[in-house]
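Participant: Below is a structure I'd like to ask you about.
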Amino acid sequence: MSRYFNEDEVHQLIPQLQYHFSKLIQSKQAMGRLSFKLKKLGFEPQLLGILSQEENLEAYALQAKIKIYYEQFKDHLFAIEQMGGQIKDLELGRVDFPSQVASQPGFFTWQLGLTDRPVFLSA
């Protein structure tokens with residue numbers, strides 16, 4: 001662990017966390033919708049490669065959009081990690097920050113839409 005966070009520090013990060021988690025969830029949902037459409041066309045989503053336009057123009061366009069959403073997803077994930085957070089549940093929007101309260105190691109945890117203050121959990 002590189003550093004410990006106190007409750008106020010995590011609380012001040014909540015607006016940024018709300019923003020990044022909402023964007024993560026939106027990107028994930030968009031990738032899911034586009035992947036479903038791509039599969040209906042008979043193609044599997046590929047993050048490492050893009051279909052050629054010659055194979056199927058519609059599938060090519062869907063794959064390109066998936067790649068854009070994937071890059072956005074990674075950017076928001078990285079932003080939370082750069083803040084010092086450890087994502088514990090993407091679906092729920094839960095993140096932990098290393099902490100120590102009264103010499104007790106643990107985490108301040110926060111979850112999107114559930115708590116307006118971080119909660120301390122001992123390790």
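Residues in the structure tokens are named by chain (A, B, ... in the order shown) and by number from 1 within that chain; ligands are numbered from 1 in the order shown.
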So that I can check the surroundings of Pro98 (chain A), please list as number ranges by chain every protein, DNA and RNA residue that reaches within 8 Å of it, counting only C-alpha atoms and ignoring chain neighbours fewer than 3 positions away.
Facilitator: A: 1, 3-5, 85, 105-108
Participant: Suppose we keep N, CA and C atoms; can you now write the selection as a compact mmCIF listing (two decimals), in the first residue's frame?
Facilitator:
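Saved as again_15.txt:
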```txt
# COMPACT_ATOMS: atom_id res chain seq x y z
N MET A 1 0.84 -1.18 0.00
CA MET A 1 0.00 0.00 0.00
C MET A 1 0.88 1.24 0.00
N ARG A 3 -0.18 4.48 0.42
CA ARG A 3 -0.54 5.49 1.41
C ARG A 3 -1.86 5.12 2.06
N TYR A 4 -2.12 5.75 3.20
CA TYR A 4 -3.39 5.55 3.90
C TYR A 4 -4.25 6.79 3.72
N PHE A 5 -5.54 6.59 3.64
CA PHE A 5 -6.50 7.67 3.49
C PHE A 5 -7.29 7.81 4.78
N GLY A 85 -7.86 4.42 -5.18
CA GLY A 85 -8.94 3.48 -4.91
C GLY A 85 -8.70 2.11 -5.49
N PRO A 105 -5.41 -1.57 10.80
CA PRO A 105 -5.43 -1.47 9.33
C PRO A 105 -6.79 -1.87 8.78
N GLY A 106 -7.15 -1.25 7.69
CA GLY A 106 -8.42 -1.56 7.05
C GLY A 106 -8.62 -0.71 5.82
N PHE A 107 -9.88 -0.46 5.52
CA PHE A 107 -10.24 0.30 4.33
C PHE A 107 -11.41 1.21 4.62
N PHE A 108 -11.39 2.38 4.02
CA PHE A 108 -12.61 3.18 3.93
C PHE A 108 -13.26 2.76 2.63
```
Participant: With a distance cut-off of 12 Å and only C-alpha atoms, select the neighbouring residues of Ser103 (chain A), excluding the residue or stretch itself and same-chain residues fewer than 4 positions from it, and output the selection as a short mmCIF file (atom, residue, chain, number, x, y, z; two decimals) with N, CA and C atoms, in the first residue's frame.
Facilitator:
```
data_model
loop_
_atom_site.label_atom_id
_atom_site.label_comp_id
_atom_site.auth_asym_id
_atom_site.auth_seq_id
_atom_site.Cartn_x
_atom_site.Cartn_y
_atom_site.Cartn_z
N TYR A 4 -2.12 5.75 3.20
CA TYR A 4 -3.39 5.55 3.90
C TYR A 4 -4.25 6.79 3.72
N SER A 99 -6.59 2.31 4.65
CA SER A 99 -6.67 3.22 5.78
C SER A 99 -6.14 2.54 7.04
N SER A 122 -12.42 -2.92 9.04
CA SER A 122 -11.10 -3.40 9.46
C SER A 122 -10.68 -4.58 8.61
N ALA A 123 -9.38 -4.70 8.45
CA ALA A 123 -8.84 -5.78 7.59
C ALA A 123 -8.88 -7.12 8.29
#
```
Participant: Show me, as a PDB file with N, CA and C atoms, in the first residue's frame, the residues that have an atom within 12 Å of region 70-80 of chain A when counting only C-alpha atoms, minus same-chain residues fewer than 3 positions from it.
Facilitator:
```
ATOM      1  N   VAL A  10     -11.331  10.613   1.675  1.00  0.00           N
ATOM      2  CA  VAL A  10     -12.184   9.784   0.822  1.00  0.00           C
ATOM      3  C   VAL A  10     -13.494  10.506   0.540  1.00  0.00           C
ATOM      4  N   LEU A  13     -13.346  12.831  -2.264  1.00  0.00           N
ATOM      5  CA  LEU A  13     -13.219  12.184  -3.579  1.00  0.00           C
ATOM      6  C   LEU A  13     -14.558  11.697  -4.136  1.00  0.00           C
ATOM      7  N   ILE A  14     -15.600  11.687  -3.311  1.00  0.00           N
ATOM      8  CA  ILE A  14     -16.885  11.110  -3.726  1.00  0.00           C
ATOM      9  C   ILE A  14     -17.441  11.723  -5.008  1.00  0.00           C
ATOM     10  N   PRO A  15     -17.450  13.043  -5.197  1.00  0.00           N
ATOM     11  CA  PRO A  15     -17.973  13.565  -6.471  1.00  0.00           C
ATOM     12  C   PRO A  15     -17.223  13.022  -7.695  1.00  0.00           C
ATOM     13  N   GLN A  16     -15.906  12.904  -7.588  1.00  0.00           N
ATOM     14  CA  GLN A  16     -15.124  12.343  -8.697  1.00  0.00           C
ATOM     15  C   GLN A  16     -15.437  10.860  -8.880  1.00  0.00           C
ATOM     16  N   LEU A  17     -15.582  10.145  -7.774  1.00  0.00           N
ATOM     17  CA  LEU A  17     -15.917   8.718  -7.848  1.00  0.00           C
ATOM     18  C   LEU A  17     -17.280   8.512  -8.502  1.00  0.00           C
ATOM     19  N   GLN A  18     -18.248   9.349  -8.124  1.00  0.00           N
ATOM     20  CA  GLN A  18     -19.585   9.251  -8.723  1.00  0.00           C
ATOM     21  C   GLN A  18     -19.507   9.446 -10.235  1.00  0.00           C
ATOM     22  N   TYR A  19     -18.756  10.437 -10.646  1.00  0.00           N
ATOM     23  CA  TYR A  19     -18.603  10.715 -12.070  1.00  0.00           C
ATOM     24  C   TYR A  19     -17.972   9.528 -12.796  1.00  0.00           C
ATOM     25  N   HIS A  20     -16.834   9.054 -12.280  1.00  0.00           N
ATOM     26  CA  HIS A  20     -16.112   7.978 -12.967  1.00  0.00           C
ATOM     27  C   HIS A  20     -16.896   6.665 -12.959  1.00  0.00           C
ATOM     28  N   PHE A  21     -17.554   6.341 -11.848  1.00  0.00           N
ATOM     29  CA  PHE A  21     -18.340   5.105 -11.818  1.00  0.00           C
ATOM     30  C   PHE A  21     -19.536   5.184 -12.758  1.00  0.00           C
ATOM     31  N   SER A  22     -20.181   6.337 -12.831  1.00  0.00           N
ATOM     32  CA  SER A  22     -21.323   6.447 -13.753  1.00  0.00           C
ATOM     33  C   SER A  22     -20.853   6.283 -15.198  1.00  0.00           C
ATOM     34  N   LYS A  23     -19.693   6.827 -15.528  1.00  0.00           N
ATOM     35  CA  LYS A  23     -19.145   6.671 -16.879  1.00  0.00           C
ATOM     36  C   LYS A  23     -18.705   5.228 -17.143  1.00  0.00           C
ATOM     37  N   LEU A  24     -18.129   4.573 -16.129  1.00  0.00           N
ATOM     38  CA  LEU A  24     -17.756   3.162 -16.272  1.00  0.00           C
ATOM     39  C   LEU A  24     -18.981   2.309 -16.580  1.00  0.00           C
ATOM     40  N   ILE A  25     -20.034   2.530 -15.821  1.00  0.00           N
ATOM     41  CA  ILE A  25     -21.262   1.751 -15.999  1.00  0.00           C
ATOM     42  C   ILE A  25     -21.881   2.033 -17.362  1.00  0.00           C
ATOM     43  N   GLN A  26     -21.900   3.303 -17.770  1.00  0.00           N
ATOM     44  CA  GLN A  26     -22.448   3.652 -19.090  1.00  0.00           C
ATOM     45  C   GLN A  26     -21.645   2.988 -20.209  1.00  0.00           C
ATOM     46  N   SER A  27     -20.330   3.024 -20.100  1.00  0.00           N
ATOM     47  CA  SER A  27     -19.477   2.407 -21.126  1.00  0.00           C
ATOM     48  C   SER A  27     -19.694   0.901 -21.179  1.00  0.00           C
ATOM     49  N   LYS A  28     -19.787   0.273 -20.014  1.00  0.00           N
ATOM     50  CA  LYS A  28     -19.993  -1.176 -19.956  1.00  0.00           C
ATOM     51  C   LYS A  28     -21.336  -1.553 -20.580  1.00  0.00           C
ATOM     52  N   GLN A  29     -22.378  -0.789 -20.263  1.00  0.00           N
ATOM     53  CA  GLN A  29     -23.696  -1.066 -20.838  1.00  0.00           C
ATOM     54  C   GLN A  29     -23.685  -0.879 -22.353  1.00  0.00           C
ATOM     55  N   ALA A  30     -23.039   0.171 -22.817  1.00  0.00           N
ATOM     56  CA  ALA A  30     -22.959   0.424 -24.261  1.00  0.00           C
ATOM     57  C   ALA A  30     -22.201  -0.704 -24.960  1.00  0.00           C
ATOM     58  N   MET A  31     -21.098  -1.160 -24.361  1.00  0.00           N
ATOM     59  CA  MET A  31     -20.349  -2.269 -24.957  1.00  0.00           C
ATOM     60  C   MET A  31     -21.209  -3.527 -25.020  1.00  0.00           C
ATOM     61  N   GLY A  32     -22.013  -3.746 -23.988  1.00  0.00           N
ATOM     62  CA  GLY A  32     -22.897  -4.910 -23.976  1.00  0.00           C
ATOM     63  C   GLY A  32     -23.937  -4.853 -25.081  1.00  0.00           C
ATOM     64  N   LEU A  34     -23.810  -3.090 -27.902  1.00  0.00           N
ATOM     65  CA  LEU A  34     -23.151  -3.194 -29.204  1.00  0.00           C
ATOM     66  C   LEU A  34     -22.657  -4.615 -29.471  1.00  0.00           C
ATOM     67  N   SER A  35     -22.160  -5.278 -28.437  1.00  0.00           N
ATOM     68  CA  SER A  35     -21.705  -6.665 -28.589  1.00  0.00           C
ATOM     69  C   SER A  35     -22.863  -7.572 -28.974  1.00  0.00           C
ATOM     70  N   PRO A  45     -17.256  -9.956 -30.639  1.00  0.00           N
ATOM     71  CA  PRO A  45     -16.514  -8.727 -30.335  1.00  0.00           C
ATOM     72  C   PRO A  45     -15.026  -9.031 -30.134  1.00  0.00           C
ATOM     73  N   GLN A  46     -14.189  -8.158 -30.642  1.00  0.00           N
ATOM     74  CA  GLN A  46     -12.740  -8.314 -30.525  1.00  0.00           C
ATOM     75  C   GLN A  46     -12.147  -6.988 -30.082  1.00  0.00           C
ATOM     76  N   LEU A  47     -11.479  -7.010 -28.940  1.00  0.00           N
ATOM     77  CA  LEU A  47     -10.872  -5.775 -28.456  1.00  0.00           C
ATOM     78  C   LEU A  47      -9.489  -5.552 -29.049  1.00  0.00           C
ATOM     79  N   LEU A  48      -8.841  -6.619 -29.452  1.00  0.00           N
ATOM     80  CA  LEU A  48      -7.472  -6.481 -29.954  1.00  0.00           C
ATOM     81  C   LEU A  48      -7.404  -6.196 -31.444  1.00  0.00           C
ATOM     82  N   GLN A  63     -17.915  -2.735 -34.203  1.00  0.00           N
ATOM     83  CA  GLN A  63     -16.649  -3.089 -33.556  1.00  0.00           C
ATOM     84  C   GLN A  63     -15.832  -1.835 -33.232  1.00  0.00           C
ATOM     85  N   ALA A  64     -15.823  -0.878 -34.127  1.00  0.00           N
ATOM     86  CA  ALA A  64     -15.094   0.373 -33.885  1.00  0.00           C
ATOM     87  C   ALA A  64     -15.692   1.124 -32.696  1.00  0.00           C
ATOM     88  N   LYS A  65     -17.022   1.135 -32.581  1.00  0.00           N
ATOM     89  CA  LYS A  65     -17.683   1.795 -31.444  1.00  0.00           C
ATOM     90  C   LYS A  65     -17.363   1.076 -30.136  1.00  0.00           C
ATOM     91  N   ILE A  66     -17.359  -0.257 -30.180  1.00  0.00           N
ATOM     92  CA  ILE A  66     -17.020  -1.028 -28.976  1.00  0.00           C
ATOM     93  C   ILE A  66     -15.622  -0.656 -28.502  1.00  0.00           C
ATOM     94  N   LYS A  67     -14.713  -0.541 -29.439  1.00  0.00           N
ATOM     95  CA  LYS A  67     -13.324  -0.201 -29.090  1.00  0.00           C
ATOM     96  C   LYS A  67     -13.247   1.191 -28.444  1.00  0.00           C
ATOM     97  N   MET A  83      -6.480   7.745  -8.138  1.00  0.00           N
ATOM     98  CA  MET A  83      -6.888   8.415  -6.898  1.00  0.00           C
ATOM     99  C   MET A  83      -6.458   7.612  -5.676  1.00  0.00           C
ATOM    100  N   GLY A  84      -6.113   6.346  -5.885  1.00  0.00           N
ATOM    101  CA  GLY A  84      -5.721   5.478  -4.778  1.00  0.00           C
ATOM    102  C   GLY A  84      -6.767   4.440  -4.438  1.00  0.00           C
ATOM    103  N   GLY A  85      -7.862   4.424  -5.181  1.00  0.00           N
ATOM    104  CA  GLY A  85      -8.943   3.484  -4.907  1.00  0.00           C
ATOM    105  C   GLY A  85      -8.700   2.110  -5.491  1.00  0.00           C
ATOM    106  N   GLN A  86      -9.249   1.123  -4.811  1.00  0.00           N
ATOM    107  CA  GLN A  86      -9.209  -0.262  -5.286  1.00  0.00           C
ATOM    108  C   GLN A  86     -10.655  -0.671  -5.570  1.00  0.00           C
ATOM    109  N   ILE A  87     -10.990  -0.855  -6.821  1.00  0.00           N
ATOM    110  CA  ILE A  87     -12.364  -1.201  -7.181  1.00  0.00           C
ATOM    111  C   ILE A  87     -12.646  -2.619  -6.710  1.00  0.00           C
ATOM    112  N   LYS A  88     -13.712  -2.748  -5.912  1.00  0.00           N
ATOM    113  CA  LYS A  88     -14.088  -4.049  -5.359  1.00  0.00           C
ATOM    114  C   LYS A  88     -15.278  -4.652  -6.086  1.00  0.00           C
ATOM    115  N   ASP A  89     -16.168  -3.815  -6.590  1.00  0.00           N
ATOM    116  CA  ASP A  89     -17.336  -4.320  -7.323  1.00  0.00           C
ATOM    117  C   ASP A  89     -17.764  -3.261  -8.326  1.00  0.00           C
ATOM    118  N   LEU A  90     -17.500  -3.525  -9.575  1.00  0.00           N
ATOM    119  CA  LEU A  90     -17.825  -2.570 -10.632  1.00  0.00           C
ATOM    120  C   LEU A  90     -19.330  -2.408 -10.792  1.00  0.00           C
ATOM    121  N   GLY A  93     -20.518  -0.367  -7.989  1.00  0.00           N
ATOM    122  CA  GLY A  93     -19.806   0.898  -7.836  1.00  0.00           C
ATOM    123  C   GLY A  93     -19.141   1.007  -6.477  1.00  0.00           C
ATOM    124  N   ARG A  94     -18.517  -0.068  -6.028  1.00  0.00           N
ATOM    125  CA  ARG A  94     -17.871  -0.086  -4.716  1.00  0.00           C
ATOM    126  C   ARG A  94     -16.361   0.019  -4.862  1.00  0.00           C
ATOM    127  N   VAL A  95     -15.785   0.902  -4.047  1.00  0.00           N
ATOM    128  CA  VAL A  95     -14.337   1.130  -4.070  1.00  0.00           C
ATOM    129  C   VAL A  95     -13.824   1.226  -2.635  1.00  0.00           C
ATOM    130  N   ASP A  96     -12.623   0.693  -2.407  1.00  0.00           N
ATOM    131  CA  ASP A  96     -11.971   0.749  -1.101  1.00  0.00           C
ATOM    132  C   ASP A  96     -10.712   1.595  -1.192  1.00  0.00           C
ATOM    133  N   PHE A  97     -10.438   2.300  -0.095  1.00  0.00           N
ATOM    134  CA  PHE A  97      -9.215   3.084   0.037  1.00  0.00           C
ATOM    135  C   PHE A  97      -8.478   2.600   1.278  1.00  0.00           C
TER     136      PHE A  97
END
```
Participant: As an exercise, work out the distance from CA of Tyr60 (chain A) to CA of Leu41 (chain A) in Å and give it to one decimal place.
Facilitator: 10.7 Å
Participant: Just the alpha helix (DSSP H) stuff from region 2-123 of chain A, please, per backbone DSSP, written as a PyMOL selection string.
Facilitator: chain A and resi 7-40+57-83
Participant: Take the residues that were just selected and, keeping C-alpha atoms, output them as a PDB file, in the first residue's frame.
Facilitator:
```
ATOM      1  CA  GLU A   7     -12.349   9.547   6.131  1.00  0.00           C
ATOM      2  CA  ASP A   8     -12.375  13.203   5.062  1.00  0.00           C
ATOM      3  CA  GLU A   9      -9.972  12.561   2.176  1.00  0.00           C
ATOM      4  CA  VAL A  10     -12.184   9.784   0.822  1.00  0.00           C
ATOM      5  CA  HIS A  11     -15.299  11.890   1.375  1.00  0.00           C
ATOM      6  CA  GLN A  12     -13.791  14.677  -0.740  1.00  0.00           C
ATOM      7  CA  LEU A  13     -13.219  12.184  -3.579  1.00  0.00           C
ATOM      8  CA  ILE A  14     -16.885  11.110  -3.726  1.00  0.00           C
ATOM      9  CA  PRO A  15     -17.973  13.565  -6.471  1.00  0.00           C
ATOM     10  CA  GLN A  16     -15.124  12.343  -8.697  1.00  0.00           C
ATOM     11  CA  LEU A  17     -15.917   8.718  -7.848  1.00  0.00           C
ATOM     12  CA  GLN A  18     -19.585   9.251  -8.723  1.00  0.00           C
ATOM     13  CA  TYR A  19     -18.603  10.715 -12.070  1.00  0.00           C
ATOM     14  CA  HIS A  20     -16.112   7.978 -12.967  1.00  0.00           C
ATOM     15  CA  PHE A  21     -18.340   5.105 -11.818  1.00  0.00           C
ATOM     16  CA  SER A  22     -21.323   6.447 -13.753  1.00  0.00           C
ATOM     17  CA  LYS A  23     -19.145   6.671 -16.879  1.00  0.00           C
ATOM     18  CA  LEU A  24     -17.756   3.162 -16.272  1.00  0.00           C
ATOM     19  CA  ILE A  25     -21.262   1.751 -15.999  1.00  0.00           C
ATOM     20  CA  GLN A  26     -22.448   3.652 -19.090  1.00  0.00           C
ATOM     21  CA  SER A  27     -19.477   2.407 -21.126  1.00  0.00           C
ATOM     22  CA  LYS A  28     -19.993  -1.176 -19.956  1.00  0.00           C
ATOM     23  CA  GLN A  29     -23.696  -1.066 -20.838  1.00  0.00           C
ATOM     24  CA  ALA A  30     -22.959   0.424 -24.261  1.00  0.00           C
ATOM     25  CA  MET A  31     -20.349  -2.269 -24.957  1.00  0.00           C
ATOM     26  CA  GLY A  32     -22.897  -4.910 -23.976  1.00  0.00           C
ATOM     27  CA  ARG A  33     -25.575  -3.517 -26.304  1.00  0.00           C
ATOM     28  CA  LEU A  34     -23.151  -3.194 -29.204  1.00  0.00           C
ATOM     29  CA  SER A  35     -21.705  -6.665 -28.589  1.00  0.00           C
ATOM     30  CA  PHE A  36     -25.213  -8.122 -28.706  1.00  0.00           C
ATOM     31  CA  LYS A  37     -25.850  -6.440 -32.072  1.00  0.00           C
ATOM     32  CA  LEU A  38     -22.496  -7.662 -33.360  1.00  0.00           C
ATOM     33  CA  LYS A  39     -23.267 -11.245 -32.318  1.00  0.00           C
ATOM     34  CA  LYS A  40     -26.637 -11.035 -34.078  1.00  0.00           C
ATOM     35  CA  LEU A  57     -19.537  -2.669 -42.975  1.00  0.00           C
ATOM     36  CA  GLU A  58     -22.155  -2.709 -40.198  1.00  0.00           C
ATOM     37  CA  ALA A  59     -20.101  -5.126 -38.085  1.00  0.00           C
ATOM     38  CA  TYR A  60     -16.995  -3.020 -38.716  1.00  0.00           C
ATOM     39  CA  ALA A  61     -18.781   0.108 -37.441  1.00  0.00           C
ATOM     40  CA  LEU A  62     -20.098  -1.703 -34.351  1.00  0.00           C
ATOM     41  CA  GLN A  63     -16.649  -3.089 -33.556  1.00  0.00           C
ATOM     42  CA  ALA A  64     -15.094   0.373 -33.885  1.00  0.00           C
ATOM     43  CA  LYS A  65     -17.683   1.795 -31.444  1.00  0.00           C
ATOM     44  CA  ILE A  66     -17.020  -1.028 -28.976  1.00  0.00           C
ATOM     45  CA  LYS A  67     -13.324  -0.201 -29.090  1.00  0.00           C
ATOM     46  CA  ILE A  68     -14.039   3.485 -28.364  1.00  0.00           C
ATOM     47  CA  TYR A  69     -16.221   2.597 -25.361  1.00  0.00           C
ATOM     48  CA  TYR A  70     -13.569   0.156 -24.164  1.00  0.00           C
ATOM     49  CA  GLU A  71     -10.908   2.883 -24.234  1.00  0.00           C
ATOM     50  CA  GLN A  72     -13.231   5.217 -22.303  1.00  0.00           C
ATOM     51  CA  PHE A  73     -13.908   2.419 -19.810  1.00  0.00           C
ATOM     52  CA  LYS A  74     -10.171   1.915 -19.240  1.00  0.00           C
ATOM     53  CA  ASP A  75      -9.624   5.668 -18.813  1.00  0.00           C
ATOM     54  CA  HIS A  76     -12.234   5.933 -16.044  1.00  0.00           C
ATOM     55  CA  LEU A  77     -10.964   2.772 -14.361  1.00  0.00           C
ATOM     56  CA  PHE A  78      -7.440   4.174 -14.424  1.00  0.00           C
ATOM     57  CA  ALA A  79      -8.651   7.512 -12.997  1.00  0.00           C
ATOM     58  CA  ILE A  80     -10.126   5.764  -9.941  1.00  0.00           C
ATOM     59  CA  GLU A  81      -6.961   3.741  -9.464  1.00  0.00           C
ATOM     60  CA  GLN A  82      -4.862   6.921  -9.764  1.00  0.00           C
ATOM     61  CA  MET A  83      -6.888   8.415  -6.898  1.00  0.00           C
TER      62      MET A  83
END
```
Participant: Please identify the strand (DSSP E or B) residues within region 30-112 of chain A (assignment by DSSP from backbone atoms) and present them as a list in words.
Facilitator: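 Those in region 30-112 of chain A that DSSP calls strand (DSSP E or B) are Gln86, Ile87, Lys88, Asp89, Arg94, Val95, Asp96, Phe97, Pro98, Ser99, Gln100, Val101, Gln104, Pro105, Gly106, Phe107, Phe108, Thr109, Trp110 and Gln111 of chain A.
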Participant: The selected residues should be written to file as a PDB file, in the first residue's frame (atoms: N, CA and C atoms).
Facilitator:
```pdb
ATOM      1  N   GLN A  86      -9.249   1.123  -4.811  1.00  0.00           N
ATOM      2  CA  GLN A  86      -9.209  -0.262  -5.286  1.00  0.00           C
ATOM      3  C   GLN A  86     -10.655  -0.671  -5.570  1.00  0.00           C
ATOM      4  N   ILE A  87     -10.990  -0.855  -6.821  1.00  0.00           N
ATOM      5  CA  ILE A  87     -12.364  -1.201  -7.181  1.00  0.00           C
ATOM      6  C   ILE A  87     -12.646  -2.619  -6.710  1.00  0.00           C
ATOM      7  N   LYS A  88     -13.712  -2.748  -5.912  1.00  0.00           N
ATOM      8  CA  LYS A  88     -14.088  -4.049  -5.359  1.00  0.00           C
ATOM      9  C   LYS A  88     -15.278  -4.652  -6.086  1.00  0.00           C
ATOM     10  N   ASP A  89     -16.168  -3.815  -6.590  1.00  0.00           N
ATOM     11  CA  ASP A  89     -17.336  -4.320  -7.323  1.00  0.00           C
ATOM     12  C   ASP A  89     -17.764  -3.261  -8.326  1.00  0.00           C
ATOM     13  N   ARG A  94     -18.517  -0.068  -6.028  1.00  0.00           N
ATOM     14  CA  ARG A  94     -17.871  -0.086  -4.716  1.00  0.00           C
ATOM     15  C   ARG A  94     -16.361   0.019  -4.862  1.00  0.00           C
ATOM     16  N   VAL A  95     -15.785   0.902  -4.047  1.00  0.00           N
ATOM     17  CA  VAL A  95     -14.337   1.130  -4.070  1.00  0.00           C
ATOM     18  C   VAL A  95     -13.824   1.226  -2.635  1.00  0.00           C
ATOM     19  N   ASP A  96     -12.623   0.693  -2.407  1.00  0.00           N
ATOM     20  CA  ASP A  96     -11.971   0.749  -1.101  1.00  0.00           C
ATOM     21  C   ASP A  96     -10.712   1.595  -1.192  1.00  0.00           C
ATOM     22  N   PHE A  97     -10.438   2.300  -0.095  1.00  0.00           N
ATOM     23  CA  PHE A  97      -9.215   3.084   0.037  1.00  0.00           C
ATOM     24  C   PHE A  97      -8.478   2.600   1.278  1.00  0.00           C
ATOM     25  N   PRO A  98      -7.204   2.240   1.154  1.00  0.00           N
ATOM     26  CA  PRO A  98      -6.439   1.761   2.309  1.00  0.00           C
ATOM     27  C   PRO A  98      -6.451   2.801   3.423  1.00  0.00           C
ATOM     28  N   SER A  99      -6.588   2.313   4.655  1.00  0.00           N
ATOM     29  CA  SER A  99      -6.666   3.219   5.785  1.00  0.00           C
ATOM     30  C   SER A  99      -6.136   2.544   7.044  1.00  0.00           C
ATOM     31  N   GLN A 100      -6.032   3.356   8.062  1.00  0.00           N
ATOM     32  CA  GLN A 100      -5.644   2.853   9.370  1.00  0.00           C
ATOM     33  C   GLN A 100      -6.318   3.756  10.391  1.00  0.00           C
ATOM     34  N   VAL A 101      -7.144   3.169  11.247  1.00  0.00           N
ATOM     35  CA  VAL A 101      -7.845   3.923  12.281  1.00  0.00           C
ATOM     36  C   VAL A 101      -7.456   3.330  13.630  1.00  0.00           C
ATOM     37  N   GLN A 104      -5.442   0.332  13.646  1.00  0.00           N
ATOM     38  CA  GLN A 104      -6.110  -0.835  13.049  1.00  0.00           C
ATOM     39  C   GLN A 104      -6.104  -0.679  11.529  1.00  0.00           C
ATOM     40  N   PRO A 105      -5.411  -1.569  10.797  1.00  0.00           N
ATOM     41  CA  PRO A 105      -5.429  -1.475   9.334  1.00  0.00           C
ATOM     42  C   PRO A 105      -6.788  -1.873   8.776  1.00  0.00           C
ATOM     43  N   GLY A 106      -7.146  -1.247   7.694  1.00  0.00           N
ATOM     44  CA  GLY A 106      -8.424  -1.557   7.053  1.00  0.00           C
ATOM     45  C   GLY A 106      -8.620  -0.707   5.816  1.00  0.00           C
ATOM     46  N   PHE A 107      -9.883  -0.458   5.519  1.00  0.00           N
ATOM     47  CA  PHE A 107     -10.238   0.302   4.327  1.00  0.00           C
ATOM     48  C   PHE A 107     -11.415   1.209   4.622  1.00  0.00           C
ATOM     49  N   PHE A 108     -11.388   2.383   4.015  1.00  0.00           N
ATOM     50  CA  PHE A 108     -12.606   3.177   3.932  1.00  0.00           C
ATOM     51  C   PHE A 108     -13.259   2.762   2.628  1.00  0.00           C
ATOM     52  N   THR A 109     -14.471   2.277   2.716  1.00  0.00           N
ATOM     53  CA  THR A 109     -15.178   1.810   1.535  1.00  0.00           C
ATOM     54  C   THR A 109     -16.326   2.758   1.220  1.00  0.00           C
ATOM     55  N   TRP A 110     -16.608   2.898  -0.042  1.00  0.00           N
ATOM     56  CA  TRP A 110     -17.714   3.734  -0.505  1.00  0.00           C
ATOM     57  C   TRP A 110     -18.383   3.017  -1.661  1.00  0.00           C
ATOM     58  N   GLN A 111     -19.732   3.158  -1.716  1.00  0.00           N
ATOM     59  CA  GLN A 111     -20.478   2.514  -2.796  1.00  0.00           C
ATOM     60  C   GLN A 111     -21.439   3.504  -3.431  1.00  0.00           C
TER      61      GLN A 111
END
```
